[in-house]
Amino acid sequence: MLAPMRAWIPTLVAALALSAAPAQAQSDTVSYQYTSCAAVDGASVVEVRGAPCAEAELVAAQVAAAPAAQEVGVLRAARWTPLRAQSTGEGAHDLVAVRDGAALRIRRPGVAPDLDGWAAGRELLFARKQLVGGKPVPDGAVLCSASWLVRLAGGRLGGLSAAHCGGLRSDRTVHRRNVALRRPPQPGIVLGRVRRIVTRTQPYDALVVPVSAGVNRSRVPVVDRGISRPPWIVAGVGQPTAGRRVCFSGRTSGIDHCGRIRGSQARGAEFLLSAFAGFIVRCTTIRAREGDSGGPVFTAPRADGTVYAIGMTSIIIGDQALMCFTPLRPVLNTLGASLVTAG
């Protein structure tokens, strides 16, 4: 990996130490929060975005009346896709589900089910050694961020992240080929091996990893914003035009960091990065940190919570640690893939 150097010389944004602590989430985007609805018997918190409270309260009552082992099935029967579950640490857990651009959060007593899955912005673990859920993280592992859900040629789903998170040996084989969706402090959900590294054939810092499948393993085109905030809804692919307002999320920096794509004043730096690092990027006015690599870069969210995918966090430059990203569209073209979108 590239070592830090003077301003305008790139530093790879790979997480080199597992001890790096995530930053507090920050947001300067449009206000997009849950609406609090009335609590129901057995559900102390009922919140919704993009759907009426009457519907949210009805679904919450159905979930609360069911045994904990059946709550995922109840959500699906009500046409909501279960997204995540997380313990509150107080003998209760939160459930998050999405449907047609809407998001729902319910808090009920009991142990959280093993409900989780792929979403852009989540934490990924790359390792040379085998990963085992529930076992310690192996030495030499790297933390990065998950990006866009794509449909590959042949119809299979895959997830994108930064190619340098996997790394290439001198013989062009993958150095850290084992991948997991991390749920600290353990490796979490083991996804399998890196399927393809785009930098083997094209100058784009991107790779494809498997995404988990199953009733409790969601694969939803959203940008994760944690449990307490509704996710952004992925509506399509956007253009990385100069001056455009964009945001990104990363496992270290947190959610909703926004700025603009730099224009002609950044062309020299982008050319140098292409020559030095070996891949094409566009640079922004947004700061990033180690571990944000691979994280989703997207258009400024609209009032309805929709965003358009622009690229993936790749490298940082200069004393201000400004983020540069790999454009998404040429990566999709190289893979013969399409972006999975909502609706």
# chains A, B, ... in the order shown; residues from 1 in each chain; ligands from 1
call {"tool": "residues_around", "arguments": {"residues": "range 201-212 of chain A", "least_positions_apart": "3", "cutoff": "9 Å", "atoms": "only C-alpha atoms", "output": "ChimeraX atom specification"}}
result
/A:117-118,149-150,157-166,179,181,189-198,217-219,274,278-281,294,312-314,325-328,330-331,334
call {"tool": "select_by_dssp", "arguments": {"residues": "range 85-309 of chain A", "states": "strand (DSSP E)", "output": "PyMOL selection string"}}
result
chain A and resi 85-87+92-99+102-109+116-120+123-127+142-145+149-151+157-161+178-183+186-193+196-197+207-209+217-223+232-237+245-250+254-260+282-287+296-299+306-309
call {"tool": "residues_around", "arguments": {"residues": "range 228-243 of chain A", "least_positions_apart": "6", "cutoff": "7 Å", "atoms": "only C-alpha atoms", "output": "ChimeraX atom specification"}}
result
/A:33-34,49,101,103,221-222,260-263,305-310,327,341-342
call {"tool": "closest_residue", "arguments": {"among": "A:Val223, A:Ile286, A:Val48, A:Leu58", "to": "Arg251 in chain A", "atoms": "only C-alpha atoms"}}
result
A:Val223
call {"tool": "residues_around", "arguments": {"residues": "Arg287 in chain A", "least_positions_apart": "2", "cutoff": "7 Å", "atoms": "only C-alpha atoms", "output": "PyMOL selection string"}}
result
chain A and resi 285+320-323
call {"tool": "write_last_selection", "arguments": {"atoms": "N, CA and C atoms", "output": "PDB file, in the first residue's frame"}}
result
ATOM      1  N   THR A 285     -14.399  17.767  -2.130  1.00  0.00           N
ATOM      2  CA  THR A 285     -14.036  18.650  -1.030  1.00  0.00           C
ATOM      3  C   THR A 285     -14.336  18.011   0.329  1.00  0.00           C
ATOM      4  N   GLN A 320      -5.412  17.884   4.035  1.00  0.00           N
ATOM      5  CA  GLN A 320      -6.800  17.924   4.486  1.00  0.00           C
ATOM      6  C   GLN A 320      -7.501  16.577   4.345  1.00  0.00           C
ATOM      7  N   ALA A 321      -6.802  15.565   3.856  1.00  0.00           N
ATOM      8  CA  ALA A 321      -7.364  14.212   3.690  1.00  0.00           C
ATOM      9  C   ALA A 321      -8.658  14.246   2.901  1.00  0.00           C
ATOM     10  N   LEU A 322      -8.621  14.908   1.740  1.00  0.00           N
ATOM     11  CA  LEU A 322      -9.810  15.019   0.911  1.00  0.00           C
ATOM     12  C   LEU A 322     -10.061  13.715   0.156  1.00  0.00           C
ATOM     13  N   MET A 323     -11.312  13.355   0.065  1.00  0.00           N
ATOM     14  CA  MET A 323     -11.709  12.066  -0.494  1.00  0.00           C
ATOM     15  C   MET A 323     -11.809  12.112  -2.015  1.00  0.00           C
TER      16      MET A 323
END
call {"tool": "closest_residue", "arguments": {"among": "A:Glu90, A:Glu290, A:Asp224, A:Glu47", "to": "Ser147 in chain A", "atoms": "only C-alpha atoms"}}
result
A:Asp224
call {"tool": "select_by_dssp", "arguments": {"residues": "range 37-276 of chain A", "states": "helix (DSSP H, G or I)", "output": "NGL selection string"}}
result
:A and (53-65 or 68-77 or 163-166 or 198-200 or 264-276)
call {"tool": "residues_around", "arguments": {"residues": "Arg182 in chain A", "least_positions_apart": "4", "cutoff": "8 Å", "atoms": "only C-alpha atoms", "output": "list in words"}}
result
Arg122, Glu123, Leu124, Leu125, Gln186, Pro187, Gly188 and Ile189 of chain A
call {"tool": "write_last_selection", "arguments": {"atoms": "C-alpha atoms", "output": "CSV table (one decimal), in the first residue's frame"}}
result
chain,number,residue,atom,x,y,z
A,122,ARG,CA,-21.7,-1.2,6.3
A,123,GLU,CA,-18.4,-2.5,7.7
A,124,LEU,CA,-16.5,-5.2,5.8
A,125,LEU,CA,-13.6,-7.3,7.0
A,186,GLN,CA,-16.3,-10.6,15.8
A,187,PRO,CA,-16.0,-11.2,12.0
A,188,GLY,CA,-19.8,-11.4,11.8
A,189,ILE,CA,-21.5,-12.8,8.7
call {"tool": "decode", "arguments": {"residues": "range 119-236 of chain A", "atoms": "C-alpha atoms", "output": "mmCIF file, in the first residue's frame"}}
result
data_model
loop_
_atom_site.group_PDB
_atom_site.id
_atom_site.type_symbol
_atom_site.label_atom_id
_atom_site.label_comp_id
_atom_site.auth_asym_id
_atom_site.auth_seq_id
_atom_site.Cartn_x
_atom_site.Cartn_y
_atom_site.Cartn_z
ATOM 1 C CA ALA A 119 -26.371 -2.509 2.708
ATOM 2 C CA ALA A 120 -24.076 0.190 1.352
ATOM 3 C CA GLY A 121 -22.016 1.833 4.078
ATOM 4 C CA ARG A 122 -21.711 -1.231 6.330
ATOM 5 C CA GLU A 123 -18.386 -2.465 7.712
ATOM 6 C CA LEU A 124 -16.476 -5.157 5.805
ATOM 7 C CA LEU A 125 -13.572 -7.304 6.957
ATOM 8 C CA PHE A 126 -10.984 -8.577 4.470
ATOM 9 C CA ALA A 127 -8.500 -11.231 5.564
ATOM 10 C CA ARG A 128 -5.870 -13.538 4.101
ATOM 11 C CA LYS A 129 -6.701 -16.240 6.644
ATOM 12 C CA GLN A 130 -10.021 -18.012 6.869
ATOM 13 C CA LEU A 131 -12.824 -16.115 8.597
ATOM 14 C CA VAL A 132 -15.133 -17.894 11.029
ATOM 15 C CA GLY A 133 -18.209 -16.277 12.568
ATOM 16 C CA GLY A 134 -17.856 -15.964 16.341
ATOM 17 C CA LYS A 135 -14.081 -16.487 16.252
ATOM 18 C CA PRO A 136 -11.423 -13.781 16.772
ATOM 19 C CA VAL A 137 -10.445 -11.563 13.857
ATOM 20 C CA PRO A 138 -7.248 -12.979 12.300
ATOM 21 C CA ASP A 139 -4.006 -11.038 12.208
ATOM 22 C CA GLY A 140 -3.457 -8.879 9.157
ATOM 23 C CA ALA A 141 -7.163 -8.275 8.518
ATOM 24 C CA VAL A 142 -8.280 -4.974 6.971
ATOM 25 C CA LEU A 143 -11.454 -3.010 7.623
ATOM 26 C CA CYS A 144 -13.209 -1.286 4.734
ATOM 27 C CA SER A 145 -16.745 -0.246 3.801
ATOM 28 C CA ALA A 146 -19.456 -1.907 1.749
ATOM 29 C CA SER A 147 -20.827 -0.189 -1.319
ATOM 30 C CA TRP A 148 -23.447 -0.771 -3.990
ATOM 31 C CA LEU A 149 -25.538 -3.882 -4.552
ATOM 32 C CA VAL A 150 -25.270 -4.985 -8.195
ATOM 33 C CA ARG A 151 -26.710 -7.654 -10.451
ATOM 34 C CA LEU A 152 -23.945 -9.419 -12.339
ATOM 35 C CA ALA A 153 -24.031 -11.056 -15.730
ATOM 36 C CA GLY A 154 -25.978 -14.284 -15.281
ATOM 37 C CA GLY A 155 -28.289 -12.748 -12.677
ATOM 38 C CA ARG A 156 -26.340 -13.287 -9.446
ATOM 39 C CA LEU A 157 -26.156 -10.477 -6.918
ATOM 40 C CA GLY A 158 -22.853 -9.091 -5.687
ATOM 41 C CA GLY A 159 -21.577 -6.265 -3.539
ATOM 42 C CA LEU A 160 -18.950 -3.683 -4.448
ATOM 43 C CA SER A 161 -16.066 -2.306 -2.426
ATOM 44 C CA ALA A 162 -12.548 -0.969 -3.114
ATOM 45 C CA ALA A 163 -10.089 -3.299 -4.840
ATOM 46 C CA HIS A 164 -7.164 -2.255 -2.648
ATOM 47 C CA CYS A 165 -9.032 -3.685 0.365
ATOM 48 C CA GLY A 166 -8.438 -7.139 -1.132
ATOM 49 C CA GLY A 167 -5.026 -6.273 -2.503
ATOM 50 C CA LEU A 168 -3.100 -7.948 -5.297
ATOM 51 C CA ARG A 169 0.095 -9.957 -4.982
ATOM 52 C CA SER A 170 2.857 -9.625 -7.532
ATOM 53 C CA ASP A 171 1.377 -12.595 -9.424
ATOM 54 C CA ARG A 172 -1.993 -10.731 -9.574
ATOM 55 C CA THR A 173 -3.753 -13.101 -7.177
ATOM 56 C CA VAL A 174 -5.875 -11.681 -4.356
ATOM 57 C CA HIS A 175 -3.985 -11.164 -1.100
ATOM 58 C CA ARG A 176 -6.957 -10.824 1.295
ATOM 59 C CA ARG A 177 -9.579 -12.900 -0.456
ATOM 60 C CA ASN A 178 -11.837 -13.816 2.486
ATOM 61 C CA VAL A 179 -14.616 -11.352 3.311
ATOM 62 C CA ALA A 180 -17.157 -10.888 6.091
ATOM 63 C CA LEU A 181 -19.828 -8.339 6.916
ATOM 64 C CA ARG A 182 -18.403 -7.332 10.270
ATOM 65 C CA ARG A 183 -20.468 -7.087 13.417
ATOM 66 C CA PRO A 184 -17.964 -6.050 16.125
ATOM 67 C CA PRO A 185 -16.157 -7.478 17.911
ATOM 68 C CA GLN A 186 -16.339 -10.635 15.753
ATOM 69 C CA PRO A 187 -16.040 -11.185 11.994
ATOM 70 C CA GLY A 188 -19.841 -11.386 11.811
ATOM 71 C CA ILE A 189 -21.486 -12.772 8.679
ATOM 72 C CA VAL A 190 -18.952 -14.620 6.538
ATOM 73 C CA LEU A 191 -19.626 -13.795 2.884
ATOM 74 C CA GLY A 192 -17.012 -15.947 1.145
ATOM 75 C CA ARG A 193 -14.186 -15.044 -1.193
ATOM 76 C CA VAL A 194 -13.632 -12.042 -3.433
ATOM 77 C CA ARG A 195 -15.176 -12.864 -6.788
ATOM 78 C CA ARG A 196 -13.463 -10.353 -9.028
ATOM 79 C CA ILE A 197 -10.993 -7.461 -8.794
ATOM 80 C CA VAL A 198 -11.549 -4.918 -11.548
ATOM 81 C CA THR A 199 -8.011 -3.487 -11.306
ATOM 82 C CA ARG A 200 -6.661 -6.683 -12.865
ATOM 83 C CA THR A 201 -7.908 -5.496 -16.257
ATOM 84 C CA GLN A 202 -9.110 -1.882 -15.912
ATOM 85 C CA PRO A 203 -7.910 1.227 -14.006
ATOM 86 C CA TYR A 204 -10.749 1.225 -11.491
ATOM 87 C CA ASP A 205 -10.378 0.607 -7.758
ATOM 88 C CA ALA A 206 -13.275 -1.822 -7.399
ATOM 89 C CA LEU A 207 -13.957 -5.437 -6.503
ATOM 90 C CA VAL A 208 -16.970 -7.733 -6.207
ATOM 91 C CA VAL A 209 -17.764 -9.860 -3.155
ATOM 92 C CA PRO A 210 -20.620 -12.306 -2.513
ATOM 93 C CA VAL A 211 -23.679 -11.128 -0.610
ATOM 94 C CA SER A 212 -25.397 -13.347 1.919
ATOM 95 C CA ALA A 213 -28.773 -14.930 1.192
ATOM 96 C CA GLY A 214 -31.615 -16.387 3.242
ATOM 97 C CA VAL A 215 -34.735 -15.341 5.125
ATOM 98 C CA ASN A 216 -32.751 -13.399 7.736
ATOM 99 C CA ARG A 217 -30.097 -12.123 5.320
ATOM 100 C CA SER A 218 -31.428 -9.075 3.523
ATOM 101 C CA ARG A 219 -29.992 -7.686 0.287
ATOM 102 C CA VAL A 220 -31.583 -4.287 -0.092
ATOM 103 C CA PRO A 221 -30.557 -1.282 -2.262
ATOM 104 C CA VAL A 222 -30.197 1.240 0.556
ATOM 105 C CA VAL A 223 -27.434 3.276 2.163
ATOM 106 C CA ASP A 224 -27.241 2.321 5.816
ATOM 107 C CA ARG A 225 -27.675 5.066 8.439
ATOM 108 C CA GLY A 226 -27.731 2.890 11.530
ATOM 109 C CA ILE A 227 -30.750 1.881 13.554
ATOM 110 C CA SER A 228 -32.021 5.283 14.662
ATOM 111 C CA ARG A 229 -32.214 6.919 11.204
ATOM 112 C CA PRO A 230 -34.062 5.721 8.110
ATOM 113 C CA PRO A 231 -31.762 4.521 5.299
ATOM 114 C CA TRP A 232 -31.322 6.363 2.018
ATOM 115 C CA ILE A 233 -33.105 4.683 -0.888
ATOM 116 C CA VAL A 234 -31.007 3.936 -4.001
ATOM 117 C CA ALA A 235 -32.890 5.175 -7.078
ATOM 118 C CA GLY A 236 -30.310 4.921 -9.884
#
